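Input: a single structure, listed below in structure tokens.
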Amino acid sequence: MYNFNVYPSAKFISTSLSLLQHRPVYQRTTWWDKIYDPNSEFIAKWNNLFLVTCMVSLFLDPLYFYVPYFCGPACLASNLALSLIVTFLRTVNDCFYVAHILLKFRTAFVAPNSRVFGKGELVTDPKAIALRYLKGTFVIDVAAMLPLPQILIWFVVPALTRATTFHTTHTLTLVVLVQYVPRMLVMFPLNRKIVNSTGVVARTAWSGAAYNILLFILAAHVLGAVWYLWSIQRMHTCWMQECRRERNAAKSHCNSVYFDSQSLKVPGRQTWLNRTQVLANCDPRNEDLEFKFGLFSVAFTDDVPSAGFIEAYFYCLCWGLKNLSSYGQGMAASTYIGETLFSCSVCIMGLLLFSHLIGQIQTYLQSMMVRVEEWRIKRRDTEEWMQHRQLPEELRERIRRFVQYKWLATRGVVEEAILQSLPLDLRREIQKHLCLGLVRRVHFFAQMDDQLLDAICERLVSSLSTKGTYIIREGDPVTEMLFIIRGQLESSTTYGGRSGFYNSITLRLGDFCGEELVTWAMLPTSTLNLPSSTRTVKALTEVEAFALRADDLKYVATQFKRLRSKRLQHAFRFYSHQWRMWGACFIQVAWRRYKKRKMAEELGRQESYYYMQGVDENEPLLIDYEEEDEASSSAGNLQPLSATILASKFAANTRQKVKVKFVDHSSESLKMPKMFKPEDPDFSADM
């Protein structure tokens with residue numbers, strides 16, 4: 001009756017272990033286990049930050065060249081405070097290099113064989129990423145990251161017993177210069193990578209120009225630091241030559257240790273300093289000097305090595321900027337081969353860097369002024385065209401005013417071209433952001449729901465009109481509806497050219513014109529023939545508006561049946577100035593007919609009273625009413641008998657039945673909201 005399946009214990013245990021093995025374990029992913037997309041926002045921000053870090057590191061390393069200075073006559077010392085500050089800042093900067101190396105081990109790359117179409121396929125395998133990085137730029141990144149100056153200053157030099165300031169400075173300079181090359185090899189490929197991924201290093205023209213100026217100042221900073229250190233070495237070389245000469249001539253007991261700051265307390269140094277001619281023979285101010293300092297002599301004539309760090313730094317920076325910008329034309333080199341090569345390198349580097357700086361700044365400035373230049377060229381072409389066609393001056397002025405107003409409103413940007421290049425979803429969101437708040441100011445649109453408003457906003461286009469422009473004339477086909485956002489329009493009509501009829505209103509913010517298209521769009525059998533305008537619309541001021549074209553309105557009316565609701569019909573009639581004019585005309589005709597009927601009745605009563613009692617010459621035939629208009633009040637005087645008889649016949653004619661024309665609403669072409677224009681009132685009957 002019951003069938004029980006008994007599972008063996010081994011099979012049950014294996015099934016349980018497999019379930020536990022495939023059970024999802026929810027744990028938080030650490031940063032080390034995460035693989036980053038090279039095009040992600042985080043990597044882009046990190047690359048920009050690390051680029052700034054590389055520039056700071058390239059700025060910090062030449063500061064080690066300012067460590068040696070002159071602390072007295074023929075005495076070379078080291079600035080320990082500067083060494084401490086620069087070493088601390090460089091250590092903090094090196095931490096970013098370590099983080100950059102670790103991040104490269106967790107950054108995916110695009111497979112080279114997958115770049116045939118699209119962006120390519122990302123390789124997210126950690127082993128493949130690490131292998132590719134180790135074979136690539138790993139060695140350069142490690143060489144740029146090593147804290148060699150810190151190790152040399154705080155560990156190697158204190159361990160040496162006979163290390164002098166000159167030897168320490170020479171070794172430190174060599175280490176900094178050697179490590180400066182891999183640091184530059186890290187920065188410039190990173191700059192190119194940022195340009196390839198984002199298009200630009202700086203997002204604005206001014207920041208781009210500032211970035212290139214900083215690169216030029218960085219080159220001048222390095223050049224000034226090298227010139228400062230080399231000038232000290234040239235002075236030390238002069239001291240050593242003169243010291244050997246005195247020692248060979250047995251004039252004084254000169255020792256090279258005397259040139260170090262550690263020998264200031266040596267007993268024989270002061271005696272040697274009083275006898276020696278080293279200072280006089282190594283003074284650049286002496287014109288008979290055998291040792292030629294060349295372009296380094298100005299450093300000693302202005303006492304740059306003996307000044308403080310701030311004064312010496314800005315002096316050397318100014319020297320570097322002047323010689324780079326002038327291509328080294330102000331340098332007077334000696335016959336020393338190293339000095340000559342240094343001068344040649346300064347000239348070549350100044351030519352390349354200054355030309356690059358001028359070219360980049362010109363490019364960024366042109367990118368800022370490109371729109372202005374395009375507008376200037378377009379305006380010049382317009383002037384030449386108007387002159388060639390011999391347009392009248394009034395028409396030329398209107399064209400100039402429109403071109404100027406369009407430039408101020410759009411700054412030469414073609415919004416339609418930008419929107420058409422974007423996906424449909426983005427276009428909808430942008431149009432909604434730009435138009436929805438302004439569209440809601442239009443009273444007719446305020447009655448619609450969000451879905452219908454989104455469909456309308458998607459199809460709205462901007463429209464600009466200058467003062468005196470005729471938007472549309474009475475009788476012309478209506479091609480678009482205008483919804484005013486800013487400015488004033490004059491809407492007038494003669495009601496089809498009726499003599500003596502003129503109606504004019506002013507359209508402001510929230511009003512619209514071209515409402516004939518709404519009725520046309522409601523017709524299911526509407527043809528390509530657009531409705532004729534019943535009004536003339538003219539711009540009183542500069543007008544900004546949104547335009548809804550006829551085809552777009554037809555599409556919205558076809559796809560969204562809610563546009564045919566009674567609530568929207570009533571809102572349309574209430575806010576439409578054309579319907580208001582029609583209503584005013586009908587009220588006016590009805591009021592006039594009412595007044596005529598009242599006057600006819602009064603004439604009939606007076607006529608019957610006249611025949612019954614006779615006519616009194618002193619009694620008026622008509623009663624003067626206060627509410628009657630000027631034409632009726634003038635008839636309150638005594639009238640001849642013939643006029644009274646004619647008035648009675650007119651009253652009899654008004655009592656006849658009026659044939660009413662009914663519209664068959666069961667017709668297939670009229671199964672829709674009743675938003676048609678009413679029958680025109682007969683104004684001729686009132687005359």
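We name chains A, B, ... following the order of the structure tokens; residues begin at 1 in each chain, and ligands are numbered from 1 as shown.
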
Within 10 Å of Gln329 of chain A using only C-alpha atoms, minus same-chain residues under 3 positions, as a count of residues only: 9

Which residues are close to His253 of chain A, i.e. within 9 Å by only C-alpha atoms, leaving aside same-chain residues fewer than 3 positions away? Reply as a list in words.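 In the requested form, the answer reads Cys243, Glu246, Arg247, Ala250, Gly268, Trp272 and Thr276 of chain A.
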
Leu229 of chain A surroundings by only C-alpha atoms, 9 Å radius, close-in-sequence under 4 positions cut, as a ChimeraX atom specification: /A:65-68,169,173,224-225,233-234

Please, could you write that set of residues out with N, CA and C atoms as a CSV table (one decimal), in the first residue's frame?
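The result, stored in result29.csv:
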```csv
chain,number,residue,atom,x,y,z
A,65,PHE,N,68.9,69.2,-4.4
A,65,PHE,CA,70.0,69.9,-4.9
A,65,PHE,C,70.3,71.2,-4.1
A,66,TYR,N,69.3,71.6,-3.3
A,66,TYR,CA,69.5,72.8,-2.5
A,66,TYR,C,70.0,72.5,-1.1
A,67,VAL,N,70.3,71.2,-0.8
A,67,VAL,CA,70.8,70.9,0.5
A,67,VAL,C,72.1,71.5,0.8
A,68,PRO,N,73.1,71.5,-0.1
A,68,PRO,CA,74.4,72.1,0.2
A,68,PRO,C,74.3,73.6,0.0
A,169,THR,N,76.8,65.1,-1.1
A,169,THR,CA,76.0,65.8,-2.1
A,169,THR,C,76.2,65.2,-3.5
A,173,THR,N,73.1,63.5,-5.5
A,173,THR,CA,72.7,64.1,-6.8
A,173,THR,C,72.6,63.0,-7.9
A,224,GLY,N,66.9,75.2,-12.8
A,224,GLY,CA,67.5,76.0,-11.8
A,224,GLY,C,68.2,75.3,-10.7
A,225,ALA,N,67.6,74.1,-10.3
A,225,ALA,CA,68.2,73.3,-9.3
A,225,ALA,C,69.5,72.8,-9.7
A,233,GLN,N,79.4,73.0,-7.2
A,233,GLN,CA,80.5,72.0,-7.5
A,233,GLN,C,81.7,72.7,-8.2
A,234,ARG,N,81.4,73.7,-9.1
A,234,ARG,CA,82.4,74.4,-9.8
A,234,ARG,C,83.3,75.2,-8.8
```

Show me, as a ChimeraX atom specification, the residues that have an atom within 9 Å of segment 292-308 of chain A when counting only C-alpha atoms, minus same-chain residues fewer than 4 positions from it. /A:66,68-72,227-228,230-232,234-235,283-285,312-313,315-316,331-336,339,343

Filtering to N, CA, C and O atoms, could you give me those residues as a CSV table (one decimal), in the first residue's frame?
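Generated file (part.csv):
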```csv
chain,number,residue,atom,x,y,z
A,66,TYR,N,69.3,71.6,-3.3
A,66,TYR,CA,69.5,72.8,-2.5
A,66,TYR,C,70.0,72.5,-1.1
A,66,TYR,O,70.1,73.4,-0.3
A,68,PRO,N,73.1,71.5,-0.1
A,68,PRO,CA,74.4,72.1,0.2
A,68,PRO,C,74.3,73.6,0.0
A,68,PRO,O,73.6,74.2,-0.8
A,69,TYR,N,75.0,74.3,0.9
A,69,TYR,CA,75.1,75.8,0.9
A,69,TYR,C,76.4,76.2,1.5
A,69,TYR,O,77.1,75.4,2.2
A,70,PHE,N,76.7,77.5,1.4
A,70,PHE,CA,78.0,78.1,1.9
A,70,PHE,C,77.6,78.6,3.3
A,70,PHE,O,76.8,79.6,3.4
A,71,CYS,N,78.3,78.1,4.3
A,71,CYS,CA,78.0,78.6,5.7
A,71,CYS,C,79.1,79.6,6.2
A,71,CYS,O,79.1,80.0,7.3
A,72,GLY,N,80.1,79.9,5.3
A,72,GLY,CA,81.1,80.8,5.6
A,72,GLY,C,82.2,80.8,4.5
A,72,GLY,O,82.0,80.2,3.4
A,227,TRP,N,71.5,74.0,-12.1
A,227,TRP,CA,72.4,75.1,-12.2
A,227,TRP,C,73.0,75.5,-10.8
A,227,TRP,O,74.1,75.8,-10.7
A,228,TYR,N,72.1,75.5,-9.8
A,228,TYR,CA,72.6,75.9,-8.4
A,228,TYR,C,73.6,74.8,-7.9
A,228,TYR,O,74.7,75.2,-7.4
A,230,TRP,N,75.4,72.7,-9.7
A,230,TRP,CA,76.6,72.7,-10.5
A,230,TRP,C,77.5,73.9,-10.2
A,230,TRP,O,78.7,73.8,-10.2
A,231,SER,N,76.9,75.0,-9.9
A,231,SER,CA,77.7,76.2,-9.5
A,231,SER,C,78.5,75.9,-8.2
A,231,SER,O,79.7,76.3,-8.1
A,232,ILE,N,77.9,75.2,-7.2
A,232,ILE,CA,78.6,74.9,-6.0
A,232,ILE,C,79.7,73.9,-6.3
A,232,ILE,O,80.8,74.1,-5.7
A,234,ARG,N,81.4,73.7,-9.1
A,234,ARG,CA,82.4,74.4,-9.8
A,234,ARG,C,83.3,75.2,-8.8
A,234,ARG,O,84.5,75.3,-8.9
A,235,MET,N,82.6,75.8,-7.8
A,235,MET,CA,83.4,76.5,-6.7
A,235,MET,C,84.2,75.6,-5.9
A,235,MET,O,85.4,75.9,-5.6
A,283,ASP,N,87.5,84.0,-6.6
A,283,ASP,CA,86.4,85.0,-6.5
A,283,ASP,C,86.0,85.4,-7.9
A,283,ASP,O,86.9,86.0,-8.6
A,284,PRO,N,84.8,85.2,-8.3
A,284,PRO,CA,84.4,85.5,-9.7
A,284,PRO,C,84.4,87.0,-9.9
A,284,PRO,O,84.4,87.4,-11.1
A,285,ARG,N,84.4,87.8,-8.9
A,285,ARG,CA,84.5,89.3,-9.1
A,285,ARG,C,85.9,89.7,-9.6
A,285,ARG,O,86.0,90.9,-10.1
A,312,ALA,N,67.3,81.6,-2.4
A,312,ALA,CA,68.1,80.8,-3.4
A,312,ALA,C,67.1,80.1,-4.4
A,312,ALA,O,67.4,80.0,-5.6
A,313,TYR,N,66.0,79.5,-3.8
A,313,TYR,CA,65.2,78.8,-4.7
A,313,TYR,C,64.5,79.6,-5.7
A,313,TYR,O,64.5,79.3,-7.0
A,315,TYR,N,65.4,82.5,-6.8
A,315,TYR,CA,66.4,83.1,-7.7
A,315,TYR,C,66.7,82.1,-8.8
A,315,TYR,O,66.8,82.4,-10.0
A,316,CYS,N,66.9,80.8,-8.5
A,316,CYS,CA,67.3,79.8,-9.4
A,316,CYS,C,66.1,79.5,-10.3
A,316,CYS,O,66.2,79.2,-11.5
A,331,MET,N,73.1,83.2,-21.7
A,331,MET,CA,74.1,82.5,-21.0
A,331,MET,C,75.5,82.7,-21.8
A,331,MET,O,75.5,82.6,-23.0
A,332,ALA,N,76.5,83.0,-21.0
A,332,ALA,CA,77.8,83.2,-21.5
A,332,ALA,C,78.7,82.0,-21.0
A,332,ALA,O,79.2,82.0,-19.8
A,333,ALA,N,78.8,81.0,-21.7
A,333,ALA,CA,79.6,79.8,-21.3
A,333,ALA,C,81.1,79.9,-21.5
A,333,ALA,O,81.5,80.7,-22.4
A,334,SER,N,81.8,79.2,-20.7
A,334,SER,CA,83.2,79.2,-20.9
A,334,SER,C,83.7,78.0,-21.8
A,334,SER,O,82.8,77.3,-22.3
A,335,THR,N,85.0,77.8,-21.8
A,335,THR,CA,85.5,76.7,-22.6
A,335,THR,C,85.4,75.3,-22.0
A,335,THR,O,85.7,74.3,-22.5
A,336,TYR,N,84.9,75.3,-20.8
A,336,TYR,CA,84.7,74.0,-20.1
A,336,TYR,C,83.6,73.2,-20.8
A,336,TYR,O,82.5,73.6,-21.1
A,339,GLU,N,80.2,72.6,-19.2
A,339,GLU,CA,79.4,73.9,-19.3
A,339,GLU,C,78.8,74.1,-20.7
A,339,GLU,O,77.7,74.6,-20.8
A,343,SER,N,74.9,74.3,-21.8
A,343,SER,CA,74.3,75.4,-22.5
A,343,SER,C,73.5,75.0,-23.7
A,343,SER,O,72.4,75.4,-24.0
```

Run DSSP on the backbone and grab whatever in segment 229-436 of chain A lands in helix (DSSP H, G or I); send it over as a PyMOL selection string. chain A and resi 229-249+256-259+261-263+267-275+278-281+294-301+309-325+337-389+393-410+415-420+424-436

Determine the nearest neighbour of Leu507 of chain A from the options A:Ser576, A:Ser533, A:Val86, A:Phe546, counting only C-alpha atoms.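 Ranking A:Ser576, A:Ser533, A:Val86, A:Phe546 by distance to Leu507 of chain A, first place goes to A:Ser576.
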
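Compared by their closest atoms to Glu542 of chain A, and using only C-alpha atoms, the residues A:Leu353, A:Met612, A:Ala409, A:Leu460 rank with A:Ala409 nearest.
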
Fewer than 6 positions away in the same chain doesn't count, so skip those; otherwise give me all residues within 7 Å of segment 255-263 of chain A, counting only C-alpha atoms, as a ChimeraX atom specification. /A:74-77,164-165,240,269

Per-residue nearest contacts segment 49-78 of chain A to segment 142-153 of chain A, cut-off 12 Å, using only C-alpha atoms, as a Markdown table:
```
| residue | atom | partner | partner_atom | distance |
| --- | --- | --- | --- | --- |
| A:Thr53 | CA | A:Met145 | CA | 11.9 |
| A:Cys54 | CA | A:Ala144 | CA | 9.8 |
| A:Ser57 | CA | A:Ala144 | CA | 9.8 |
| A:Leu58 | CA | A:Ala144 | CA | 10.6 |
| A:Leu60 | CA | A:Pro149 | CA | 11.3 |
| A:Asp61 | CA | A:Pro149 | CA | 8.8 |
| A:Pro62 | CA | A:Pro149 | CA | 11.3 |
| A:Leu63 | CA | A:Pro149 | CA | 11.5 |
| A:Tyr64 | CA | A:Pro149 | CA | 8.7 |
| A:Phe65 | CA | A:Pro149 | CA | 11.6 |
| A:Val67 | CA | A:Ile153 | CA | 11.2 |
| A:Ser78 | CA | A:Ile153 | CA | 11.1 |
```

Give me the residues near Arg400 of chain A as a list in words, where near means some atom within 12 Å (using only C-alpha atoms) and where sequence neighbours in that chain fewer than 5 positions away do not count. Lys378, Arg379, Arg380, Asp381, Thr382, Glu383, Met386, Glu393, Glu394, Leu395, Tyr405, Lys406, Trp407, Thr466 and Lys467 of chain A

How would the residues just chosen look if you wrote them out with N, CA and C atoms as a CSV table (one decimal), in the first residue's frame?
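Below is the file that was written, again38.csv:
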```
chain,number,residue,atom,x,y,z
A,378,LYS,N,30.2,83.8,-39.7
A,378,LYS,CA,28.8,83.8,-40.1
A,378,LYS,C,28.2,85.1,-40.3
A,379,ARG,N,28.5,86.0,-39.3
A,379,ARG,CA,28.0,87.4,-39.4
A,379,ARG,C,28.6,88.1,-40.6
A,380,ARG,N,29.9,87.9,-40.9
A,380,ARG,CA,30.5,88.5,-42.0
A,380,ARG,C,29.9,88.0,-43.3
A,381,ASP,N,29.7,86.7,-43.4
A,381,ASP,CA,29.0,86.2,-44.6
A,381,ASP,C,27.6,86.7,-44.8
A,382,THR,N,26.9,86.9,-43.7
A,382,THR,CA,25.6,87.4,-43.8
A,382,THR,C,25.6,88.9,-44.3
A,383,GLU,N,26.5,89.7,-43.8
A,383,GLU,CA,26.6,91.0,-44.3
A,383,GLU,C,27.0,91.1,-45.8
A,386,MET,N,23.8,90.1,-47.8
A,386,MET,CA,22.8,91.2,-47.8
A,386,MET,C,23.2,92.3,-48.7
A,393,GLU,N,17.7,98.7,-45.9
A,393,GLU,CA,18.3,98.8,-44.7
A,393,GLU,C,17.4,98.3,-43.5
A,394,GLU,N,16.1,98.5,-43.6
A,394,GLU,CA,15.2,98.1,-42.5
A,394,GLU,C,15.3,96.5,-42.4
A,395,LEU,N,15.3,95.8,-43.6
A,395,LEU,CA,15.3,94.4,-43.6
A,395,LEU,C,16.7,93.9,-43.1
A,405,TYR,N,20.4,88.1,-31.5
A,405,TYR,CA,19.6,87.5,-30.4
A,405,TYR,C,19.8,86.0,-30.4
A,406,LYS,N,19.9,85.3,-31.5
A,406,LYS,CA,20.1,83.9,-31.5
A,406,LYS,C,21.4,83.5,-30.9
A,407,TRP,N,22.5,84.3,-31.2
A,407,TRP,CA,23.8,84.1,-30.6
A,407,TRP,C,23.7,84.2,-29.1
A,466,THR,N,12.5,87.7,-32.9
A,466,THR,CA,12.9,89.1,-32.5
A,466,THR,C,11.7,90.0,-32.6
A,467,LYS,N,11.9,91.2,-32.1
A,467,LYS,CA,10.8,92.2,-32.1
A,467,LYS,C,10.4,92.6,-33.5
```

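Atom to atom, atom CA of Ala545 of chain A and atom CA of Val461 of chain A stand 8.5 Å apart.
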
One number please: atom CA of Leu289 of chain A to atom CA of Cys238 of chain A, in Å, one decimal.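 Between these atoms lies a distance of 10.7 Å.
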
In segment 37-271 of chain A, what's strand (DSSP E or B) per DSSP? Answer as a list in words?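 DSSP-assigned strand (DSSP E or B) residues in segment 37-271 of chain A: Pro68, Tyr69, Phe70, Cys71, Gly72, Cys75, Leu76, Ala77, Ser78, Thr107, Phe109, Val110, Leu122, Val123 and Asp260 of chain A.
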
Point out the residue among A:Ala130, A:Val518, A:Ala455, A:Leu84 with the least atom-to-atom distance to Lys554 of chain A, counting only C-alpha atoms. A:Val518
